[in-house]
Structure formats: structure tokens, C-alpha cells
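Colleague: This one is upload.cif, mmCIF, C-alpha atoms and all ligand atoms.
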data_start
#
loop_
_atom_site.label_atom_id
_atom_site.label_comp_id
_atom_site.auth_asym_id
_atom_site.auth_seq_id
_atom_site.Cartn_x
_atom_site.Cartn_y
_atom_site.Cartn_z
CA VAL A 867 15.34 30.46 -8.55
CA ALA A 868 14.65 33.17 -11.17
CA LYS A 869 16.04 36.70 -11.35
CA ARG A 870 13.44 39.33 -12.16
CA GLY A 871 14.19 43.08 -12.19
CA GLY A 872 17.09 42.57 -9.80
CA LEU A 873 14.88 40.71 -7.30
CA ARG A 874 15.51 37.09 -6.49
CA VAL A 875 12.27 35.15 -6.82
CA VAL A 876 12.46 31.90 -4.95
CA HIS A 877 9.96 29.12 -5.39
CA TYR A 878 9.39 27.05 -2.31
CA GLU A 879 8.00 23.58 -2.63
CA GLU A 880 7.49 22.61 0.95
CA ALA A 881 4.75 20.03 1.47
CA GLY A 882 3.83 21.69 4.75
CA ASP A 883 3.06 25.23 3.49
CA PRO A 884 -0.68 25.61 4.23
CA TYR A 885 -1.06 28.53 1.78
CA ASP A 886 0.59 26.81 -1.18
CA PRO A 887 -2.01 27.29 -3.97
CA ASN A 888 -1.02 23.95 -5.47
CA ARG A 889 -1.86 22.25 -2.23
CA LEU A 890 -5.16 24.08 -1.72
CA SER A 891 -6.37 23.23 -5.21
CA LEU A 892 -5.51 19.52 -4.77
CA ILE A 893 -7.67 19.33 -1.67
CA GLY A 894 -10.59 21.00 -3.49
CA ASP A 895 -10.05 18.84 -6.57
CA LEU A 896 -10.22 15.60 -4.59
CA ARG A 897 -13.91 16.08 -3.76
CA ARG A 898 -14.61 16.38 -7.47
CA ALA A 899 -12.28 13.45 -8.23
CA ILE A 900 -14.23 11.07 -5.98
CA ARG A 901 -17.54 12.29 -7.43
CA ASP A 902 -16.45 12.28 -11.09
CA ASP A 903 -14.60 8.98 -11.14
CA GLU A 904 -11.10 10.39 -11.68
CA LEU A 905 -9.59 7.95 -9.18
CA GLU A 906 -8.54 4.49 -10.19
CA LEU A 907 -6.95 1.51 -8.47
CA HIS A 908 -4.15 -0.41 -10.11
CA TYR A 909 -3.43 -3.91 -8.83
CA GLN A 910 -0.08 -5.64 -8.37
CA PRO A 911 0.08 -9.43 -7.88
CA LYS A 912 1.68 -11.03 -4.81
CA ILE A 913 3.10 -14.45 -5.73
CA ASP A 914 3.49 -17.45 -3.43
CA LEU A 915 7.15 -18.46 -3.81
CA ARG A 916 6.44 -22.06 -2.77
CA THR A 917 3.84 -22.71 -5.48
CA GLY A 918 4.22 -19.86 -7.98
CA ALA A 919 0.50 -19.13 -7.60
CA VAL A 920 -0.98 -15.67 -7.17
CA ALA A 921 -1.78 -15.30 -3.46
CA ALA A 922 -3.28 -11.79 -3.52
CA VAL A 923 -3.06 -8.40 -5.19
CA GLU A 924 -2.23 -5.01 -3.70
CA ALA A 925 -4.41 -2.04 -4.70
CA LEU A 926 -2.45 1.15 -5.50
CA LEU A 927 -4.17 4.47 -6.02
CA ARG A 928 -3.89 6.55 -9.23
CA TRP A 929 -5.54 9.90 -9.96
CA GLN A 930 -6.34 10.78 -13.56
CA HIS A 931 -6.42 14.54 -13.08
CA PRO A 932 -8.12 16.43 -15.95
CA GLU A 933 -5.46 19.20 -16.05
CA ARG A 934 -2.40 17.64 -14.43
CA GLY A 935 -2.52 14.22 -16.04
CA ARG A 936 -1.94 11.04 -14.07
CA LEU A 937 -0.90 11.73 -10.49
CA MET A 938 0.94 9.09 -8.48
CA PRO A 939 0.14 8.66 -4.77
CA ASP A 940 3.37 10.34 -3.63
CA GLU A 941 2.28 13.48 -5.55
CA PHE A 942 -1.00 13.99 -3.69
CA LEU A 943 -1.30 11.73 -0.63
CA PRO A 944 1.10 13.69 1.60
CA VAL A 945 -1.16 16.75 1.14
CA ILE A 946 -4.44 14.85 1.50
CA GLU A 947 -3.15 13.02 4.59
CA GLN A 948 -2.97 16.33 6.42
CA THR A 949 -6.70 16.85 5.94
CA GLY A 950 -9.88 15.02 6.94
CA MET A 951 -10.28 14.06 3.25
CA ILE A 952 -8.06 11.03 3.83
CA ASP A 953 -11.00 9.28 5.56
CA PRO A 954 -13.48 9.39 2.64
CA LEU A 955 -10.58 8.65 0.26
CA THR A 956 -9.61 5.49 2.15
CA ASP A 957 -13.30 4.48 2.34
CA TRP A 958 -13.44 4.80 -1.46
CA VAL A 959 -10.27 2.70 -1.86
CA ILE A 960 -11.57 -0.06 0.43
CA GLU A 961 -15.00 -0.25 -1.22
CA THR A 962 -13.54 -0.22 -4.72
CA ALA A 963 -11.02 -2.93 -3.83
CA LEU A 964 -13.75 -5.06 -2.18
CA ALA A 965 -16.01 -4.68 -5.21
CA TRP A 966 -13.09 -5.83 -7.38
CA VAL A 967 -12.24 -8.85 -5.22
CA GLY A 968 -15.91 -9.89 -5.04
CA GLN A 969 -15.97 -10.05 -8.82
CA ALA A 970 -12.55 -11.71 -9.07
CA ARG A 971 -13.69 -14.45 -6.67
CA THR A 972 -16.24 -15.75 -9.14
CA ARG A 973 -13.23 -17.00 -11.15
CA HIS A 974 -10.56 -17.21 -8.42
CA PRO A 975 -12.31 -18.23 -5.16
CA GLN A 976 -9.22 -17.68 -2.93
CA MET A 977 -8.38 -14.20 -4.25
CA ARG A 978 -7.53 -11.54 -1.65
CA VAL A 979 -6.89 -7.82 -1.96
CA ALA A 980 -4.59 -5.61 0.13
CA VAL A 981 -5.18 -1.89 0.60
CA ASN A 982 -2.88 0.75 2.09
CA VAL A 983 -4.08 2.92 4.94
CA SER A 984 -2.52 6.05 6.44
CA ALA A 985 -1.48 6.71 10.01
CA ARG A 986 -4.28 9.25 10.13
CA ASN A 987 -6.89 6.59 9.25
CA LEU A 988 -5.58 4.40 12.01
CA GLY A 989 -5.70 7.31 14.43
CA ASN A 990 -9.43 7.68 13.75
CA ALA A 991 -11.31 5.74 16.47
CA ASP A 992 -14.07 4.95 13.92
CA PHE A 993 -11.75 3.38 11.38
CA ALA A 994 -12.63 -0.24 12.21
CA SER A 995 -16.33 0.54 11.87
CA HIS A 996 -15.68 2.10 8.45
CA VAL A 997 -14.11 -1.21 7.45
CA THR A 998 -17.04 -3.20 8.85
CA ASP A 999 -19.49 -0.94 6.98
CA ALA A 1000 -17.59 -1.40 3.71
CA LEU A 1001 -17.57 -5.20 4.18
CA ALA A 1002 -21.33 -5.13 4.83
CA ARG A 1003 -22.15 -2.77 1.94
CA THR A 1004 -20.25 -4.92 -0.55
CA GLY A 1005 -21.32 -8.24 1.04
CA SER A 1006 -17.66 -9.25 1.43
CA ASP A 1007 -16.01 -11.94 3.51
CA PRO A 1008 -13.50 -10.18 5.86
CA GLY A 1009 -10.98 -12.89 4.92
CA CYS A 1010 -10.58 -11.37 1.45
CA LEU A 1011 -9.19 -8.07 2.78
CA THR A 1012 -5.72 -7.21 4.05
CA ILE A 1013 -4.95 -3.80 5.51
CA GLU A 1014 -1.35 -2.63 4.99
CA ILE A 1015 0.00 -0.15 7.54
CA THR A 1016 3.56 1.13 7.49
CA GLU A 1017 5.83 0.37 10.38
CA THR A 1018 6.46 4.10 10.83
CA ALA A 1019 2.71 4.80 11.08
CA LEU A 1020 2.37 2.11 13.75
CA MET A 1021 5.30 3.35 15.77
CA ALA A 1022 4.32 7.04 15.66
CA ASP A 1023 1.87 6.33 18.50
CA PRO A 1024 2.22 2.65 19.48
CA ALA A 1025 -0.43 2.63 22.23
CA ARG A 1026 -3.09 4.13 20.02
CA ALA A 1027 -2.06 2.05 17.01
CA THR A 1028 -2.29 -1.14 19.09
CA ALA A 1029 -5.82 -0.28 20.26
CA SER A 1030 -6.82 0.53 16.70
CA LEU A 1031 -5.30 -2.68 15.31
CA MET A 1032 -7.12 -4.74 17.96
CA ARG A 1033 -10.44 -3.32 16.77
CA LEU A 1034 -9.46 -3.94 13.16
CA ALA A 1035 -8.36 -7.52 13.78
CA LYS A 1036 -11.76 -8.20 15.44
CA THR A 1037 -13.47 -7.39 12.13
CA GLY A 1038 -11.70 -10.47 10.71
CA VAL A 1039 -9.51 -8.62 8.19
CA LEU A 1040 -5.79 -9.36 8.11
CA VAL A 1041 -3.21 -6.75 9.05
CA SER A 1042 0.15 -6.41 7.32
CA VAL A 1043 3.08 -4.26 8.46
CA ASP A 1044 4.42 -2.46 5.38
CA ASP A 1045 7.90 -1.00 4.77
CA PHE A 1046 9.24 -3.19 7.57
CA GLY A 1047 12.87 -2.71 8.58
CA GLN A 1048 12.96 1.08 8.24
CA GLY A 1049 11.56 1.77 11.69
CA GLN A 1050 12.68 0.68 15.11
CA THR A 1051 10.01 -1.83 16.02
CA SER A 1052 11.22 -4.14 18.75
CA LEU A 1053 10.50 -7.83 18.84
CA SER A 1054 8.23 -7.42 21.86
CA GLN A 1055 6.22 -4.66 20.17
CA LEU A 1056 5.68 -6.69 17.02
CA ALA A 1057 4.68 -9.75 19.05
CA ARG A 1058 1.99 -7.75 20.84
CA LEU A 1059 0.33 -6.51 17.65
CA PRO A 1060 -2.39 -8.57 15.92
CA VAL A 1061 -0.57 -8.74 12.58
CA ALA A 1062 -0.47 -11.63 10.12
CA GLU A 1063 2.19 -10.47 7.70
CA VAL A 1064 5.29 -8.32 7.42
CA LYS A 1065 6.42 -6.74 4.16
CA ILE A 1066 10.16 -6.25 3.98
CA ASP A 1067 10.85 -2.75 2.71
CA LYS A 1068 11.96 -2.74 -0.90
CA ALA A 1069 15.13 -0.83 0.01
CA PHE A 1070 16.49 -4.11 1.46
CA VAL A 1071 15.24 -6.25 -1.43
CA MET A 1072 16.23 -4.31 -4.54
CA HIS A 1073 19.99 -4.94 -4.24
CA LEU A 1074 19.81 -8.19 -2.33
CA ASP A 1075 22.07 -9.95 -4.84
CA GLN A 1076 24.80 -7.31 -4.43
CA SER A 1077 24.79 -6.56 -0.72
CA ALA A 1078 25.75 -8.96 2.06
CA THR A 1079 24.30 -6.47 4.54
CA ASP A 1080 20.90 -6.44 2.84
CA ALA A 1081 20.97 -10.23 2.64
CA ALA A 1082 21.64 -10.43 6.38
CA ILE A 1083 18.82 -7.98 7.12
CA VAL A 1084 16.34 -9.88 4.93
CA GLN A 1085 17.31 -13.18 6.54
CA SER A 1086 16.97 -11.89 10.08
CA ILE A 1087 13.61 -10.18 9.45
CA THR A 1088 12.36 -13.42 7.88
CA ASP A 1089 13.56 -15.57 10.80
CA LEU A 1090 12.14 -13.15 13.35
CA ALA A 1091 8.77 -13.00 11.58
CA HIS A 1092 8.58 -16.79 11.33
CA ARG A 1093 9.28 -17.19 15.05
CA LEU A 1094 6.36 -14.87 15.67
CA GLY A 1095 4.14 -16.93 13.35
CA LEU A 1096 3.97 -14.26 10.63
CA GLU A 1097 4.15 -14.61 6.86
CA VAL A 1098 6.85 -12.68 5.03
CA VAL A 1099 6.35 -10.68 1.85
CA ALA A 1100 9.25 -9.14 -0.05
CA GLU A 1101 8.40 -6.15 -2.24
CA GLY A 1102 10.49 -4.53 -4.95
CA VAL A 1103 11.52 -7.85 -6.56
CA GLU A 1104 13.01 -6.75 -9.88
CA SER A 1105 14.91 -9.84 -11.06
CA GLN A 1106 14.88 -13.64 -11.10
CA PRO A 1107 18.14 -13.99 -9.08
CA ILE A 1108 16.62 -11.88 -6.31
CA LEU A 1109 13.41 -13.91 -6.40
CA GLU A 1110 15.45 -17.09 -5.92
CA LEU A 1111 17.50 -15.62 -3.05
CA LEU A 1112 14.25 -14.70 -1.32
CA ARG A 1113 12.86 -18.20 -1.76
CA ASP A 1114 16.11 -19.61 -0.30
CA ALA A 1115 15.78 -17.23 2.65
CA GLY A 1116 12.37 -18.76 3.40
CA CYS A 1117 10.32 -15.77 2.40
CA GLU A 1118 6.79 -16.90 1.37
CA ILE A 1119 5.48 -14.14 -0.89
CA ALA A 1120 7.09 -11.89 -3.51
CA GLN A 1121 5.88 -8.78 -5.26
CA GLY A 1122 7.65 -6.55 -7.76
CA TYR A 1123 8.23 -5.45 -11.34
CA HIS A 1124 9.90 -8.79 -12.18
CA ILE A 1125 6.53 -10.47 -11.58
CA SER A 1126 4.35 -7.61 -12.79
CA ARG A 1127 3.90 -3.86 -12.55
CA PRO A 1128 0.63 -2.63 -11.03
CA MET A 1129 -2.13 -2.94 -13.66
CA PRO A 1130 -5.61 -1.50 -14.24
CA ALA A 1131 -8.39 -4.01 -13.45
CA ALA A 1132 -9.02 -4.88 -17.11
CA VAL A 1133 -5.35 -5.69 -17.76
CA LEU A 1134 -5.15 -7.66 -14.50
CA ALA A 1135 -8.11 -9.83 -15.56
CA ARG A 1136 -6.17 -10.90 -18.67
CA TRP A 1137 -2.96 -11.35 -16.66
CA LEU A 1138 -4.72 -13.58 -14.08
CA ALA A 1139 -6.28 -15.67 -16.85
CA ASP A 1140 -2.71 -16.57 -17.94
CA HIS A 1141 -1.43 -17.39 -14.43
CA ASP A 1142 -2.01 -19.97 -11.74
CA VAL A 1143 -4.18 -18.57 -9.02
CA GLU A 1144 -4.52 -20.21 -5.60
P1 LIG B 1 3.86 0.94 -0.91
O1 LIG B 1 2.63 0.54 -0.20
O2 LIG B 1 5.17 0.57 -0.29
O3 LIG B 1 3.71 0.36 -2.38
C1 LIG B 1 4.77 -0.11 -3.16
C2 LIG B 1 5.21 0.92 -4.17
O4 LIG B 1 6.34 0.40 -4.88
C3 LIG B 1 4.17 1.24 -5.24
O5 LIG B 1 4.37 2.59 -5.67
C4 LIG B 1 4.55 0.26 -6.34
O6 LIG B 1 4.10 0.66 -7.64
C5 LIG B 1 6.05 0.30 -6.25
N1 LIG B 1 6.67 -0.94 -6.73
C6 LIG B 1 6.12 -2.16 -6.86
N2 LIG B 1 7.03 -3.06 -7.32
C7 LIG B 1 8.19 -2.39 -7.45
C8 LIG B 1 9.50 -2.78 -7.89
O7 LIG B 1 9.79 -3.92 -8.24
N3 LIG B 1 10.46 -1.80 -7.91
C9 LIG B 1 10.19 -0.51 -7.53
N4 LIG B 1 11.18 0.38 -7.58
N5 LIG B 1 8.96 -0.12 -7.10
C10 LIG B 1 7.97 -1.06 -7.07
P2 LIG B 1 3.15 3.60 -5.85
O8 LIG B 1 2.00 2.90 -6.50
O9 LIG B 1 3.70 4.84 -6.47
O10 LIG B 1 2.74 3.91 -4.35
C11 LIG B 1 3.59 4.60 -3.49
C12 LIG B 1 3.09 4.59 -2.06
O11 LIG B 1 1.87 5.33 -1.96
C13 LIG B 1 2.72 3.19 -1.55
O12 LIG B 1 3.90 2.54 -1.13
C14 LIG B 1 1.78 3.52 -0.42
O13 LIG B 1 2.50 3.87 0.73
C15 LIG B 1 1.09 4.76 -0.93
N6 LIG B 1 -0.23 4.40 -1.46
C16 LIG B 1 -0.57 3.88 -2.67
N7 LIG B 1 -1.91 3.71 -2.78
C17 LIG B 1 -2.44 4.11 -1.59
C18 LIG B 1 -3.77 4.18 -1.05
O14 LIG B 1 -4.77 3.79 -1.68
N8 LIG B 1 -3.90 4.70 0.21
C19 LIG B 1 -2.82 5.09 0.95
N9 LIG B 1 -3.02 5.58 2.19
N10 LIG B 1 -1.57 5.02 0.50
C20 LIG B 1 -1.38 4.55 -0.76
CA CA B 2 1.78 -1.29 0.59
CA CA B 3 5.96 -1.03 0.98
CA CA B 4 6.40 2.84 0.80
#
Just give me the structure of the file as C-alpha cells.
Modeller:
Amino acid sequence: VAKRGGLRVVHYEEAGDPYDPNRLSLIGDLRRAIRDDELELHYQPKIDLRTGAVAAVEALLRWQHPERGRLMPDEFLPVIEQTGMIDPLTDWVIETALAWVGQARTRHPQMRVAVNVSARNLGNADFASHVTDALARTGSDPGCLTIEITETALMADPARATASLMRLAKTGVLVSVDDFGQGQTSLSQLARLPVAEVKIDKAFVMHLDQSATDAAIVQSITDLAHRLGLEVVAEGVESQPILELLRDAGCEIAQGYHISRPMPAAVLARWLADHDVE
């Protein structure tokens, strides 16, 4: 809030303001960004807690904006998600991740890659065919791709999300429910969805060693998921004591800064060379 000539000038920063010039320029800039190679994926390893081996990596989007510097997903995705641009953006992410995993598999034959998709992508009836096209264009095995969808995105419109997930699962890719524990998914809803994995939201993981409540939540999500035949991933693992608590809880996969931060492809290649890969 600035005072100018006795007038109060208030700056609003509401994500939803359709006339916000910041917002309009981001949408325009994204077309150029895809064309001019300003987008980049960073990759964060997912470790198998039983063997210590790298089970997969998650692709996370970065935007090297020529004027604004590096933009993190939270700085531009909420705006892009309100437009049709989210579809070509997700197509770009999937193809880039598949191209990466195809290359990685020459050295690490079991490597998999996970990509994040928005509620809006899932709401698009063509989404599964976009995935099939990307698999075909890159000559990829569907088994090397995991699609991560947040629990909130699934539960926004459960009937539609279920139909969409059924089509996706038929393509042979795996589906993972991200940020699990924040929403209100019931056991019967989760059991009806064709998902292979749940990712416990990092809010429950980050202070696991200090909170009996978080420990109880992590344990019950893990037990529930196992009864439904799902694998459990914990994200936001920032220390060795937490990693060990998760292993004791029966959680299969861990991801977080304690293992590695997300890395550009070139750095990841060196990191993988120094680690056991399944
Ligand atoms: P997410 O899918 O829950 O991804 C995990 C986020 O936590 C990432 O932030 C990651 O860098 C961060 N993280 C990983 N390990 C730790 C840790 O140990 N501690 C803490 N505090 N954080 C950790 P990032 O890269 O900023 O991404 C934020 C969100 O943006 C993602 O949350 C995802 O929802 C979304 N996102 C990222 N890339 C894409 C994309 O390509 N498409 C879509 N639709 N969404 C994306
Ligand atoms: Ca994710
Ligand atoms: Ca998450
Ligand atoms: Ca998140």
C-alpha cells in the first residue's frame, strides 16, 4: 500500500483477476516459452526404501523466463491452469519426460518417470489420447510413465475423474494419487479408482519425528494403501531419522531433499551414475 498525493494506492495480487497485466503477459509469454525452449524439467529421485535403489524420478517444471528469471511452478501454473494453454504445456512435459526416460533406459533399463497433471487436463476427455500419442511419438513403453494427480483434483469431480482415470489406466501408464491425506477421499472411493500408488503429502512427513499425530496419520495411510494393494511414497523426506521412521512404517518409496533436490537432466545423469538403480 503506497500513499500518493493523498490517495491510497492499493496493489491487489489476486490470482483470479482476469485483467491483471502480470497474468495476461504470462499467458502470452508461455507460447513463446514452449517455442523458444525456455521451459526445463528438473528430476527428483524416488528411492526404494527396501533396497536403497532408485525406483523412478519425478519431473518438475521450471521456466527460465528471459526477463523474470527462473519461475517456479507455483508462480505460473495457477494462472496457466485457468486457460487452455495447460493442455499443450502438459503435452510438452510428457513428451520431454518420455524422451528423457527413453535415453536413461539405455543405462538403467528399469527407469521410470512421473509427471504431474492438472485437474483441468484430467477434465479434458481427450487427455488419455494425448498420452497415447506421446507414447507413440517417442516410441515409449507405457510402463515407464507414471501420471501424478492430486487427491484434491480427483475429488473435485469424482465421477468425471474416475472415467478419465479408467481411460488413462487402459493406456498402460500407472496412476499415482499425489498430496494424499489433505482431501477427504473415502476408502471406497480410493478402492474404485485404478491407481497404483499413493503419495503421502509432505505436510505429514516433514515433522514425522516430532509429531505423534503425523506418525499416526502416516501409519494409517500406509496400512490403508497396503490393504488396497497400493504402493506408498512419502515425499518431503528431509532427514535420515524421518527416512528410517518411514521404512519402519512399511512405506516403500521415499523422495525428498535428504535424498536429493530436483536436478537438471545433466546433473541427474552424474547423480545416477553414483547410485544404485533398479
Ligand atoms: P508436488 O507434485 O507435490 O511436488 C513436490 C514439490 O515439493 C516440488 O516443488 C519439490 O521440489 C518439492 N520438494 C521435494 N522434496 C522436498 C523436501 O524434502 N522438502 C520440501 N519442503 N519440498 C520438497 P516444485 O518443484 O516447486 O513444484 C510445486 C508443485 O507444482 C508440484 O507439487 C506440482 O503440484 C506442481 N508441478 C510441478 N511441475 C508440474 C508440471 O509439470 N505440471 C503440473 N501440472 N504441475 C506441476
Ligand atoms: Ca507430484
Ligand atoms: Ca506432492
Ligand atoms: Ca503439492
Colleague: Can I get the residues close to ligand CA 4 (chain B) as a PyMOL selection string, where close means within 9 Å and we count only C-alpha atoms and all ligand atoms?
Modeller: chain A and resi 1016+1044-1045+1067-1068
Colleague: Counting all atoms listed in the file, find the residues whose atoms lie at most 12 Å from (-7.8, 15.4, -17.7) (file coordinates) and write them out as number ranges by chain.
Modeller: A: 895, 899, 902-905, 929-937
Colleague: Kindly provide the residues of chain A that approach ligand CA 3 (chain B) to within 12 Å, each paired with its closest atom pair and their distance in Å to one decimal, based on only C-alpha atoms and all ligand atoms, listed by chain and increasing number, as a Markdown table.
Modeller:
| residue | atom | partner | partner_atom | distance |
| --- | --- | --- | --- | --- |
| A:Glu924 | CA | B:CA3 | CA | 10.2 |
| A:Ala925 | CA | B:CA3 | CA | 11.9 |
| A:Leu926 | CA | B:CA3 | CA | 10.8 |
| A:Ala980 | CA | B:CA3 | CA | 11.5 |
| A:Val981 | CA | B:CA3 | CA | 11.2 |
| A:Asn982 | CA | B:CA3 | CA | 9.1 |
| A:Val983 | CA | B:CA3 | CA | 11.5 |
| A:Glu1014 | CA | B:CA3 | CA | 8.5 |
| A:Ile1015 | CA | B:CA3 | CA | 8.9 |
| A:Thr1016 | CA | B:CA3 | CA | 7.3 |
| A:Glu1017 | CA | B:CA3 | CA | 9.5 |
| A:Thr1018 | CA | B:CA3 | CA | 11.1 |
| A:Ser1042 | CA | B:CA3 | CA | 10.1 |
| A:Val1043 | CA | B:CA3 | CA | 8.6 |
| A:Asp1044 | CA | B:CA3 | CA | 4.9 |
| A:Asp1045 | CA | B:CA3 | CA | 4.3 |
| A:Phe1046 | CA | B:CA3 | CA | 7.7 |
| A:Gly1047 | CA | B:CA3 | CA | 10.4 |
| A:Gln1048 | CA | B:CA3 | CA | 10.3 |
| A:Val1064 | CA | B:CA3 | CA | 9.8 |
| A:Lys1065 | CA | B:CA3 | CA | 6.6 |
| A:Ile1066 | CA | B:CA3 | CA | 7.3 |
| A:Asp1067 | CA | B:CA3 | CA | 5.5 |
| A:Lys1068 | CA | B:CA3 | CA | 6.5 |
| A:Ala1069 | CA | B:CA3 | CA | 9.2 |
| A:Phe1070 | CA | B:CA3 | CA | 11.0 |
| A:Val1071 | CA | B:CA3 | CA | 10.9 |
| A:Val1099 | CA | B:CA3 | CA | 9.7 |
| A:Ala1100 | CA | B:CA3 | CA | 8.8 |
| A:Glu1101 | CA | B:CA3 | CA | 6.5 |
| A:Gly1102 | CA | B:CA3 | CA | 8.2 |
| A:Val1103 | CA | B:CA3 | CA | 11.6 |
| A:Ala1120 | CA | B:CA3 | CA | 11.8 |
| A:Gln1121 | CA | B:CA3 | CA | 10.0 |
| A:Gly1122 | CA | B:CA3 | CA | 10.5 |
Colleague: Give me, as a list in words, all polymer residues having an atom no more than 7 Å from range 1002-1005 of chain A, counting all atoms listed in the file and skipping those fewer than 4 positions away in the same chain.
Modeller: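 Neighbouring residues, sequence-local ones excluded: Leu964, Ala965 and Thr998 of chain A.
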Colleague: CA of His1073 in chain A and atom O14 of ligand LIG 1 (chain B), how far apart in Å?
Modeller: 26.4 Å
Colleague: When distances are computed from all atoms listed in the file, which of A:Ile893, A:Leu927, A:Leu1001, A:Leu1053 shows the smallest separation from Glu961 in chain A?
Modeller: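 Closest to Glu961 in chain A of all the choices is A:Leu1001.
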Colleague: Where does range 912-996 of chain A meet range 1133-1140 of chain A within 12 Å, residue by residue, with the nearest atom pair and distance in Å to one decimal for each, counting only C-alpha atoms, listed by chain and rising number, as CSV?
Modeller:
residue,atom,partner,partner_atom,distance
A:Lys912,CA,A:Leu1138,CA,11.5
A:Ile913,CA,A:Leu1138,CA,11.5
A:Ala919,CA,A:Leu1138,CA,10.0
A:Val920,CA,A:Leu1138,CA,8.1
A:Ala921,CA,A:Leu1138,CA,11.2
A:Ala922,CA,A:Leu1138,CA,10.8
A:Val923,CA,A:Leu1134,CA,9.6
A:Glu924,CA,A:Leu1134,CA,11.5
A:Ala925,CA,A:Leu1134,CA,11.3
A:Trp966,CA,A:Ala1135,CA,10.4
A:Val967,CA,A:Ala1135,CA,11.2
A:Gln969,CA,A:Ala1135,CA,10.4
A:Ala970,CA,A:Ala1135,CA,8.1
A:Arg971,CA,A:Ala1135,CA,11.5
A:Thr972,CA,A:Ala1135,CA,11.9
A:Arg973,CA,A:Ala1139,CA,9.1
A:His974,CA,A:Leu1138,CA,8.9
A:Met977,CA,A:Leu1138,CA,10.5
Colleague: Could you check which of A:Arg897, A:Arg978, A:His1124, A:Arg1093 is closest to ligand LIG 1 (chain B), using only C-alpha atoms and all ligand atoms?
Modeller: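 Nearest candidate to ligand LIG 1 (chain B) out of A:Arg897, A:Arg978, A:His1124, A:Arg1093: A:His1124.
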Colleague: Quick one: of A:Val1098, A:Leu1011, A:Ala1115, A:Ile960, who's nearest to ligand LIG 1 (chain B), counting all atoms listed in the file?
Modeller: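 Under the stated criterion, the closest residue is A:Ile960.
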